[in-house]
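J.: Here you go, this is run_10.csv (CSV, C-alpha atoms).
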```
chain,number,residue,atom,x,y,z
A,1,MET,CA,0.3,-27.3,-0.9
A,2,PRO,CA,1.0,-31.0,-1.3
A,3,LYS,CA,2.8,-31.9,-4.6
A,4,ARG,CA,0.7,-33.7,-7.2
A,5,ARG,CA,1.9,-37.3,-7.4
A,6,TYR,CA,-0.2,-38.6,-10.2
A,7,LEU,CA,0.7,-38.6,-13.9
A,8,GLY,CA,-1.1,-36.5,-16.5
A,9,GLU,CA,-1.4,-37.8,-20.1
A,10,MET,CA,1.6,-36.0,-21.5
A,11,GLU,CA,3.7,-36.9,-18.4
A,12,LEU,CA,2.7,-40.6,-18.8
A,13,MET,CA,3.7,-40.7,-22.4
A,14,VAL,CA,7.0,-38.9,-21.9
A,15,LEU,CA,7.9,-41.0,-18.9
A,16,LEU,CA,7.1,-44.2,-20.8
A,17,ALA,CA,9.3,-43.0,-23.6
A,18,VAL,CA,12.1,-42.3,-21.1
A,19,VAL,CA,11.8,-45.9,-19.7
A,20,ARG,CA,11.8,-47.4,-23.2
A,21,LEU,CA,14.9,-45.5,-24.3
A,22,GLY,CA,17.0,-46.3,-21.2
A,23,ASP,CA,20.4,-44.7,-21.3
A,24,GLU,CA,19.7,-42.9,-24.6
A,25,ALA,CA,16.8,-40.7,-23.3
A,26,TYR,CA,17.3,-37.1,-24.3
A,27,GLY,CA,15.1,-34.7,-26.2
A,28,VAL,CA,15.5,-35.9,-29.8
A,29,PRO,CA,15.0,-39.6,-29.2
A,30,ILE,CA,12.2,-39.0,-26.8
A,31,SER,CA,10.4,-36.9,-29.5
A,32,GLN,CA,11.1,-39.7,-32.1
A,33,GLU,CA,9.8,-42.4,-29.7
A,34,LEU,CA,6.6,-40.5,-29.2
A,35,VAL,CA,6.1,-40.2,-33.0
A,36,ASN,CA,6.9,-44.0,-33.5
A,37,ILE,CA,4.9,-45.4,-30.6
A,38,ALA,CA,2.1,-42.9,-29.9
A,39,GLU,CA,2.0,-41.5,-33.5
A,40,ARG,CA,2.0,-38.0,-32.1
A,41,GLU,CA,4.5,-35.3,-33.0
A,42,ILE,CA,4.8,-33.2,-29.9
A,43,ALA,CA,6.6,-29.9,-29.7
A,44,PHE,CA,10.0,-30.0,-27.9
A,45,GLY,CA,8.8,-27.2,-25.6
A,46,SER,CA,5.9,-29.4,-24.4
A,47,ILE,CA,8.2,-32.4,-24.0
A,48,TYR,CA,10.6,-30.4,-21.8
A,49,ALA,CA,7.7,-28.9,-19.8
A,50,ALA,CA,6.6,-32.4,-19.0
A,51,LEU,CA,10.1,-33.5,-18.2
A,52,ASP,CA,10.5,-30.5,-15.9
A,53,ARG,CA,7.3,-31.4,-14.0
A,54,LEU,CA,8.4,-35.1,-13.8
A,55,GLU,CA,11.8,-34.0,-12.4
A,56,GLN,CA,10.1,-31.7,-9.8
A,57,LYS,CA,7.9,-34.7,-8.8
A,58,GLY,CA,11.0,-36.8,-8.4
A,59,PHE,CA,10.0,-39.3,-11.2
A,60,VAL,CA,13.1,-38.6,-13.4
A,61,THR,CA,16.6,-37.4,-12.8
A,62,SER,CA,18.7,-35.7,-15.4
A,63,SER,CA,22.4,-35.3,-16.2
A,64,LEU,CA,24.3,-33.3,-18.8
A,65,GLY,CA,26.3,-35.0,-21.5
A,66,ASP,CA,29.2,-33.5,-23.5
A,67,PRO,CA,28.6,-30.6,-25.8
A,68,THR,CA,28.7,-31.6,-29.5
A,69,PRO,CA,29.3,-29.5,-32.6
A,70,GLU,CA,26.2,-30.7,-34.4
A,71,ARG,CA,24.2,-29.3,-31.6
A,72,GLY,CA,25.9,-25.9,-31.8
A,73,GLY,CA,28.0,-26.7,-28.8
A,74,ARG,CA,25.0,-27.5,-26.6
A,75,ALA,CA,25.1,-30.5,-24.3
A,76,LYS,CA,22.5,-33.2,-24.4
A,77,ARG,CA,20.5,-33.6,-21.2
A,78,TYR,CA,19.9,-37.3,-20.5
A,79,PHE,CA,16.9,-38.3,-18.4
A,80,ARG,CA,16.5,-41.5,-16.3
A,81,VAL,CA,13.5,-42.8,-14.5
A,82,THR,CA,13.7,-43.1,-10.7
A,83,PRO,CA,12.2,-45.8,-8.5
A,84,ALA,CA,9.4,-43.3,-7.6
A,85,GLY,CA,8.8,-42.9,-11.3
A,86,VAL,CA,8.5,-46.6,-11.8
A,87,ARG,CA,6.0,-46.8,-8.9
A,88,ALA,CA,4.0,-43.9,-10.4
A,89,LEU,CA,3.8,-45.8,-13.7
A,90,THR,CA,2.7,-49.0,-12.0
A,91,MET,CA,0.0,-47.2,-10.0
A,92,THR,CA,-1.2,-45.3,-13.1
A,93,ARG,CA,-1.3,-48.6,-15.1
A,94,LYS,CA,-3.3,-50.3,-12.4
A,95,ALA,CA,-5.7,-47.4,-12.1
A,96,LEU,CA,-6.2,-47.2,-15.8
A,97,THR,CA,-6.7,-51.0,-16.1
A,98,ASN,CA,-9.3,-50.9,-13.3
A,99,LEU,CA,-11.1,-48.0,-15.1
A,100,TRP,CA,-10.9,-49.8,-18.4
A,101,SER,CA,-12.3,-53.1,-17.2
A,102,GLY,CA,-16.0,-53.9,-16.8
A,103,ILE,CA,-17.2,-51.6,-19.6
A,104,PRO,CA,-19.3,-53.8,-21.9
A,105,GLN,CA,-19.0,-51.2,-24.8
A,106,LEU,CA,-15.2,-51.5,-24.8
A,107,GLU,CA,-14.9,-55.3,-24.3
A,108,GLY,CA,-12.8,-56.9,-27.0
A,109,ARG,CA,-12.1,-53.6,-28.8
A,110,HIS,CA,-8.5,-53.0,-29.8
A,111,SER,CA,-8.0,-49.9,-31.9
B,1,MET,CA,24.3,-28.4,-47.4
B,2,SER,CA,24.7,-24.6,-47.5
B,3,ARG,CA,25.8,-22.6,-44.5
B,4,GLY,CA,22.5,-20.7,-44.5
B,5,LYS,CA,20.6,-24.0,-44.3
B,6,SER,CA,22.8,-25.7,-41.7
B,7,ASN,CA,22.5,-22.8,-39.3
B,8,PRO,CA,19.2,-22.2,-37.6
B,9,PRO,CA,17.9,-18.6,-37.2
B,10,GLY,CA,20.1,-16.7,-34.8
B,11,LEU,CA,17.2,-14.6,-33.5
B,12,GLY,CA,15.3,-17.8,-32.7
B,13,ILE,CA,18.3,-19.1,-30.6
B,14,TRP,CA,18.6,-15.7,-28.9
B,15,LEU,CA,14.8,-15.8,-28.0
B,16,LEU,CA,15.2,-19.3,-26.6
B,17,ARG,CA,18.1,-18.1,-24.4
B,18,HIS,CA,16.5,-14.9,-23.2
B,19,ALA,CA,12.7,-15.1,-23.6
B,20,CYS,CA,12.0,-18.7,-22.8
B,21,PRO,CA,11.5,-19.5,-19.1
B,22,GLY,CA,12.6,-23.0,-18.1
B,23,ASN,CA,15.4,-25.1,-16.6
B,24,HIS,CA,16.5,-26.9,-19.7
B,25,ASN,CA,16.8,-24.2,-22.4
B,26,GLN,CA,20.3,-25.2,-23.3
B,27,ALA,CA,19.4,-28.8,-24.0
B,28,LEU,CA,16.2,-27.7,-25.7
B,29,THR,CA,18.2,-25.4,-28.0
B,30,GLY,CA,20.6,-28.2,-28.7
B,31,ASP,CA,17.8,-30.5,-29.6
B,32,LEU,CA,16.2,-28.0,-32.0
B,33,ILE,CA,19.6,-27.3,-33.7
B,34,GLU,CA,20.2,-31.1,-34.0
B,35,LYS,CA,16.8,-31.7,-35.6
B,36,PHE,CA,17.2,-28.6,-37.8
B,37,ARG,CA,20.5,-29.9,-39.2
B,38,GLN,CA,18.8,-33.2,-39.9
B,39,GLY,CA,16.7,-31.4,-42.5
B,40,ARG,CA,13.9,-29.6,-40.7
B,41,SER,CA,12.8,-26.2,-42.2
B,42,HIS,CA,13.1,-22.7,-40.9
B,43,GLY,CA,9.3,-22.7,-40.4
B,44,TRP,CA,9.5,-25.8,-38.2
B,45,PHE,CA,12.3,-24.2,-36.2
B,46,TRP,CA,10.3,-21.0,-35.6
B,47,LYS,CA,7.2,-23.0,-34.7
B,48,GLN,CA,9.2,-24.9,-32.1
B,49,VAL,CA,10.7,-21.6,-30.7
B,50,LEU,CA,7.3,-20.0,-30.4
B,51,ILE,CA,5.7,-23.0,-28.8
B,52,ALA,CA,8.6,-23.3,-26.3
B,53,ILE,CA,8.2,-19.7,-25.3
B,54,ALA,CA,4.4,-19.9,-25.0
B,55,VAL,CA,4.6,-23.2,-22.9
B,56,GLY,CA,7.4,-21.6,-20.8
B,57,VAL,CA,5.4,-18.4,-20.1
B,58,LEU,CA,2.2,-20.3,-19.3
B,59,GLY,CA,4.2,-22.6,-17.0
B,60,GLU,CA,5.6,-19.5,-15.2
B,61,VAL,CA,2.1,-18.1,-14.8
B,62,GLN,CA,0.9,-21.4,-13.4
B,63,ARG,CA,3.9,-21.7,-11.0
B,64,HIS,CA,3.7,-18.0,-9.8
B,65,TRP,CA,-0.1,-17.5,-9.8
B,66,PRO,CA,0.0,-15.7,-6.4
B,67,HIS,CA,2.3,-13.1,-7.9
B,68,PHE,CA,0.0,-12.6,-10.9
B,69,SER,CA,-3.1,-12.4,-8.6
B,70,TYR,CA,-1.3,-9.6,-6.7
B,71,ALA,CA,-0.4,-7.9,-10.0
B,72,ILE,CA,-4.0,-8.1,-11.3
B,73,ALA,CA,-5.3,-6.8,-8.0
B,74,GLY,CA,-2.7,-4.0,-7.9
B,75,ALA,CA,-3.4,-3.0,-11.5
B,76,ALA,CA,-7.2,-2.8,-10.7
B,77,MET,CA,-6.8,-0.8,-7.5
B,78,PRO,CA,-6.0,2.6,-9.0
B,79,GLY,CA,-9.0,2.5,-11.3
B,80,PHE,CA,-11.3,1.9,-8.4
B,81,PHE,CA,-9.7,3.7,-5.5
B,82,TRP,CA,-7.4,6.4,-6.8
B,83,GLU,CA,-9.6,9.3,-5.9
B,84,SER,CA,-10.4,7.8,-2.5
B,85,VAL,CA,-6.7,7.2,-1.8
B,86,LEU,CA,-5.8,10.8,-2.7
B,87,GLY,CA,-8.7,11.9,-0.4
B,88,VAL,CA,-7.1,10.1,2.6
B,89,ARG,CA,-4.4,12.8,2.8
B,90,SER,CA,-7.1,15.5,3.5
B,91,VAL,CA,-9.0,13.3,5.9
B,92,VAL,CA,-5.9,12.9,8.1
B,93,HIS,CA,-5.1,16.6,7.8
B,94,TRP,CA,-1.6,16.1,6.6
B,95,TYR,CA,-0.9,19.8,6.7
B,96,ALA,CA,-1.5,19.9,10.5
B,97,LEU,CA,1.0,17.2,11.2
B,98,PRO,CA,4.5,18.0,12.3
B,99,TRP,CA,7.3,17.6,9.8
B,100,PRO,CA,8.4,15.1,8.6
B,101,TRP,CA,5.1,13.3,9.2
B,102,SER,CA,3.3,15.8,7.1
B,103,GLN,CA,5.7,15.2,4.2
B,104,LEU,CA,5.5,11.5,4.6
B,105,VAL,CA,1.7,11.3,4.7
B,106,PHE,CA,1.5,13.7,1.7
B,107,GLU,CA,4.1,11.9,-0.4
B,108,TRP,CA,3.6,8.3,0.5
B,109,SER,CA,0.1,7.7,1.7
B,110,PRO,CA,-1.4,7.0,-1.8
B,111,GLN,CA,1.3,4.5,-2.7
B,112,ALA,CA,1.2,2.8,0.7
B,113,LEU,CA,-2.6,2.5,0.7
B,114,LEU,CA,-2.6,1.1,-2.9
B,115,ALA,CA,0.0,-1.6,-1.8
B,116,LEU,CA,-1.9,-2.3,1.4
B,117,ALA,CA,-5.1,-2.7,-0.5
B,118,ALA,CA,-3.6,-5.3,-2.8
B,119,LEU,CA,-1.5,-7.2,-0.2
B,120,PRO,CA,-4.5,-9.2,1.2
B,121,VAL,CA,-4.9,-10.8,-2.2
B,122,LEU,CA,-1.2,-11.8,-2.2
B,123,ALA,CA,-1.5,-13.1,1.4
B,124,ALA,CA,-4.6,-15.2,0.5
B,125,ALA,CA,-2.9,-16.6,-2.6
B,126,LEU,CA,0.3,-17.5,-0.8
B,127,LEU,CA,-1.8,-19.2,2.0
B,128,ILE,CA,-3.6,-21.2,-0.6
B,129,ASN,CA,-0.3,-22.0,-2.3
B,130,GLY,CA,1.2,-23.1,1.0
B,131,SER,CA,4.1,-20.6,0.6
B,132,PHE,CA,3.0,-17.8,3.0
B,133,HIS,CA,5.8,-15.9,4.9
B,134,TRP,CA,5.3,-12.6,6.7
B,135,ILE,CA,8.7,-11.5,5.5
B,136,SER,CA,7.7,-12.0,1.8
B,137,LEU,CA,4.6,-9.9,2.4
B,138,LEU,CA,6.6,-7.2,4.1
B,139,ARG,CA,9.2,-7.1,1.4
B,140,THR,CA,6.6,-7.1,-1.4
B,141,GLY,CA,4.8,-4.2,0.3
B,142,VAL,CA,8.0,-2.1,0.7
B,143,ILE,CA,9.1,-2.8,-2.9
B,144,SER,CA,5.6,-1.9,-4.2
B,145,VAL,CA,5.6,1.4,-2.3
B,146,ALA,CA,9.2,2.2,-3.5
B,147,LEU,CA,8.3,1.4,-7.2
B,148,ILE,CA,5.1,3.4,-7.1
B,149,THR,CA,7.0,6.3,-5.6
B,150,LEU,CA,9.5,6.0,-8.3
B,151,LEU,CA,6.7,6.0,-10.9
B,152,HIS,CA,5.3,9.1,-9.2
B,153,TYR,CA,8.4,11.1,-9.5
B,154,LEU,CA,9.8,9.7,-12.8
B,155,PRO,CA,7.8,12.1,-15.0
B,156,ASP,CA,9.4,15.1,-13.2
B,157,ALA,CA,12.8,13.9,-14.4
B,158,PHE,CA,11.6,12.7,-17.8
B,159,PRO,CA,8.7,14.9,-18.9
B,160,TRP,CA,8.4,13.0,-22.2
B,161,LEU,CA,6.9,10.1,-20.3
B,162,LEU,CA,3.7,12.1,-20.1
B,163,ARG,CA,1.3,12.8,-23.0
B,164,PRO,CA,-1.7,15.2,-23.2
B,165,VAL,CA,-5.2,13.8,-22.8
B,166,ALA,CA,-7.8,14.7,-25.4
B,167,GLY,CA,-10.5,17.0,-24.2
B,168,LYS,CA,-8.6,17.8,-20.9
B,169,PRO,CA,-6.0,20.5,-21.7
B,170,HIS,CA,-4.6,20.7,-18.2
B,171,PHE,CA,-4.3,17.0,-17.6
B,172,ARG,CA,-1.5,14.7,-18.7
B,173,THR,CA,-1.1,10.9,-18.3
B,174,LEU,CA,1.6,8.3,-18.9
B,175,ILE,CA,2.5,7.5,-22.5
B,176,ILE,CA,2.0,3.8,-21.6
B,177,GLU,CA,-1.4,2.7,-20.4
B,178,PRO,CA,-1.2,3.1,-16.6
B,179,VAL,CA,-2.9,-0.2,-16.0
B,180,PHE,CA,0.0,-2.0,-17.6
B,181,VAL,CA,2.5,0.0,-15.7
B,182,PHE,CA,0.8,-0.8,-12.4
B,183,PHE,CA,0.5,-4.5,-13.4
B,184,SER,CA,4.3,-4.6,-14.1
B,185,ILE,CA,5.1,-2.8,-10.8
B,186,PHE,CA,3.1,-5.1,-8.7
B,187,LEU,CA,4.3,-8.2,-10.5
B,188,VAL,CA,8.0,-7.3,-10.2
B,189,SER,CA,7.4,-6.4,-6.5
B,190,ALA,CA,5.8,-9.8,-5.7
B,191,TRP,CA,8.5,-11.6,-7.7
B,192,LEU,CA,11.3,-9.8,-5.9
B,193,GLY,CA,9.5,-9.8,-2.5
B,194,CYS,CA,8.6,-13.5,-2.5
B,195,ARG,CA,12.0,-14.7,-3.8
B,196,SER,CA,14.0,-17.0,-1.6
B,197,PRO,CA,17.8,-17.1,-1.8
B,198,ARG,CA,17.6,-20.6,-3.3
B,199,GLN,CA,15.4,-19.4,-6.2
B,200,ALA,CA,17.9,-16.5,-6.9
B,201,LYS,CA,20.6,-18.9,-8.1
B,202,ALA,CA,22.2,-17.9,-11.4
B,203,ARG,CA,21.4,-19.6,-14.7
B,204,PRO,CA,24.2,-21.8,-16.1
B,205,ALA,CA,26.4,-20.2,-18.7
B,206,GLU,CA,25.6,-20.6,-22.4
B,207,PRO,CA,28.3,-22.4,-24.3
B,208,LEU,CA,30.0,-20.8,-27.2
B,209,GLY,CA,29.3,-21.9,-30.8
```
Spit out the file's structure as structure tokens when you get a sec.

T.:
Amino acid sequence: MPKRRYLGEMELMVLLAVVRLGDEAYGVPISQELVNIAEREIAFGSIYAALDRLEQKGFVTSSLGDPTPERGGRAKRYFRVTPAGVRALTMTRKALTNLWSGIPQLEGRHS
Amino acid sequence: MSRGKSNPPGLGIWLLRHACPGNHNQALTGDLIEKFRQGRSHGWFWKQVLIAIAVGVLGEVQRHWPHFSYAIAGAAMPGFFWESVLGVRSVVHWYALPWPWSQLVFEWSPQALLALAALPVLAAALLINGSFHWISLLRTGVISVALITLLHYLPDAFPWLLRPVAGKPHFRTLIIEPVFVFFSIFLVSAWLGCRSPRQAKARPAEPLG
């Protein structure tokens, strides 16, 4: 079966958070970014499930940092967006903008 | 901060390690410990653990839906076809066959027929999923027959696995509901049978501390 190349809502939000965080994108800041920007507290399990899917699609790569005592000796896993991920974001933005435009009921509304 | 407060529930961490499917459990556990030590409550930690397990399990079902289809079909087969499957032995006159064919037909035909009846479901699901391989189908069928055979003879070695049935004094059944046992057998068979060597790679070791 061909792999899905489009972004779901959760994947889009998580991928945007990863892009915004740059080199500091691991679970805790990603979660905080989603709270700050999207005003949604999302469970870590759901965030990692989205990151897993993004990694399988080739939109992010990940690497392990060093284990730290405040994390019980567990290492941080840092995520970075790939060129394919940037392309997927650009395409999704274009598609959403096209869908958003030309709807009289939504013209000029910014919530 | 007291020691009790700074350490998250050990059982929760154990569950994340052993009951939560996923590729990033170590990092997820580290994130939860980090947030917990920043002041989150035990309730918050447990909620995160349970959501992580639920999301992980649902993801596995979604990823391995052909295996679950096979398990559901396999679990349903005995309910519909068990009497017919047992009847096949008589139809082929197993007692008239030369040994060892008579023994093989008598002992293995029900298991083999059950597995054969469910295999088309797995084949169709794998085809739809784009992961069909004859060898996977063959392996799954053989493992299913082996496990059903094991289930067939296990109560002889462990009689406590059987319980009496109300209203049927000469009839005994498994202490666990047979449909769950068959579901597990067919699921394990498909999981082992359709596993490629790449998927069988070991999990990374959990750090100490």

J.: Using all atoms listed in the file, determine which residues lie at most 8 Å from Ala75 in chain B, disregarding the query and same-chain residues fewer than 2 positions distant; provide the list as a list in words.

T.: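 The residues satisfying every condition are Ala71, Ile72, Ala73, Met77, Pro78, Gly79, Val179, Phe180, Val181, Phe182, Phe183 and Phe186 of chain B.
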
J.: Export, as a tab-separated table (two decimals), keeping the file's coordinate frame, the selected residues with C-alpha atoms.

T.:
```tsv
chain	number	residue	atom	x	y	z
B	71	ALA	CA	-0.40	-7.90	-10.00
B	72	ILE	CA	-4.00	-8.10	-11.30
B	73	ALA	CA	-5.30	-6.80	-8.00
B	77	MET	CA	-6.80	-0.80	-7.50
B	78	PRO	CA	-6.00	2.60	-9.00
B	79	GLY	CA	-9.00	2.50	-11.30
B	179	VAL	CA	-2.90	-0.20	-16.00
B	180	PHE	CA	0.00	-2.00	-17.60
B	181	VAL	CA	2.50	0.00	-15.70
B	182	PHE	CA	0.80	-0.80	-12.40
B	183	PHE	CA	0.50	-4.50	-13.40
B	186	PHE	CA	3.10	-5.10	-8.70
```

J.: Which residues of chain B are close to chain A, meaning at most 7 Å apart when you count only C-alpha atoms, and how do they look as a PyMOL selection string?

T.: chain B and resi 26-28+30-31+33-34+48+51-52+55+129-130+207-209

J.: In Å, rounded to a single decimal, give me how far CA of Gly43 in chain B is from CA of Trp14 in chain B.

T.: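 Taking CA of Trp14 in chain B and CA of Gly43 in chain B, their separation equals 16.4 Å.
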
J.: Do a neighbour search on Val142 in chain B at 12 Å with all atoms listed in the file, toss out local chain neighbours closer than 2 positions, and write the hits as a ChimeraX atom specification.

T.: /B:108,111-116,119,135-140,144-149,185-186,189-190,192-194

J.: Expressed in Å to a single decimal, how great is the separation between CA of Ala157 in chain B and CA of Leu174 in chain B?

T.: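 Result for CA of Ala157 in chain B versus CA of Leu174 in chain B: 13.3 Å, one decimal.
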
J.: Can you sort out range 111-129 of chain B so it carries N, CA and C atoms, written as a short mmCIF file (atom, residue, chain, number, x, y, z; two decimals), keeping the file's coordinate frame?

T.:
```
data_model
loop_
_atom_site.label_atom_id
_atom_site.label_comp_id
_atom_site.auth_asym_id
_atom_site.auth_seq_id
_atom_site.Cartn_x
_atom_site.Cartn_y
_atom_site.Cartn_z
N GLN B 111 0.60 5.70 -2.28
CA GLN B 111 1.30 4.50 -2.70
C GLN B 111 1.14 3.38 -1.63
N ALA B 112 1.31 3.78 -0.36
CA ALA B 112 1.20 2.80 0.70
C ALA B 112 -0.19 2.19 0.78
N LEU B 113 -1.20 3.04 0.59
CA LEU B 113 -2.60 2.50 0.70
C LEU B 113 -2.89 1.60 -0.51
N LEU B 114 -2.36 1.94 -1.70
CA LEU B 114 -2.60 1.10 -2.90
C LEU B 114 -1.94 -0.32 -2.61
N ALA B 115 -0.69 -0.29 -2.11
CA ALA B 115 0.00 -1.60 -1.80
C ALA B 115 -0.73 -2.33 -0.74
N LEU B 116 -1.16 -1.62 0.31
CA LEU B 116 -1.90 -2.30 1.40
C LEU B 116 -3.19 -2.90 0.93
N ALA B 117 -3.85 -2.21 0.00
CA ALA B 117 -5.10 -2.70 -0.50
C ALA B 117 -4.96 -4.00 -1.28
N ALA B 118 -3.82 -4.13 -1.98
CA ALA B 118 -3.60 -5.30 -2.80
C ALA B 118 -2.94 -6.46 -2.03
N LEU B 119 -2.27 -6.13 -0.93
CA LEU B 119 -1.50 -7.20 -0.20
C LEU B 119 -2.39 -8.32 0.32
N PRO B 120 -3.63 -8.06 0.80
CA PRO B 120 -4.50 -9.20 1.20
C PRO B 120 -4.66 -10.25 0.15
N VAL B 121 -4.71 -9.81 -1.10
CA VAL B 121 -4.90 -10.80 -2.20
C VAL B 121 -3.65 -11.66 -2.29
N LEU B 122 -2.47 -11.05 -2.18
CA LEU B 122 -1.20 -11.80 -2.20
C LEU B 122 -1.16 -12.79 -1.01
N ALA B 123 -1.54 -12.25 0.15
CA ALA B 123 -1.50 -13.10 1.40
C ALA B 123 -2.40 -14.30 1.22
N ALA B 124 -3.62 -14.07 0.71
CA ALA B 124 -4.60 -15.20 0.50
C ALA B 124 -4.02 -16.20 -0.47
N ALA B 125 -3.47 -15.69 -1.57
CA ALA B 125 -2.90 -16.60 -2.60
C ALA B 125 -1.76 -17.41 -2.08
N LEU B 126 -0.88 -16.75 -1.31
CA LEU B 126 0.30 -17.50 -0.80
C LEU B 126 -0.17 -18.52 0.26
N LEU B 127 -1.22 -18.18 1.04
CA LEU B 127 -1.80 -19.20 2.00
C LEU B 127 -2.30 -20.38 1.29
N ILE B 128 -3.07 -20.13 0.23
CA ILE B 128 -3.60 -21.20 -0.60
C ILE B 128 -2.52 -22.08 -1.16
N ASN B 129 -1.47 -21.38 -1.61
CA ASN B 129 -0.30 -22.00 -2.30
C ASN B 129 0.59 -22.74 -1.28
#
```
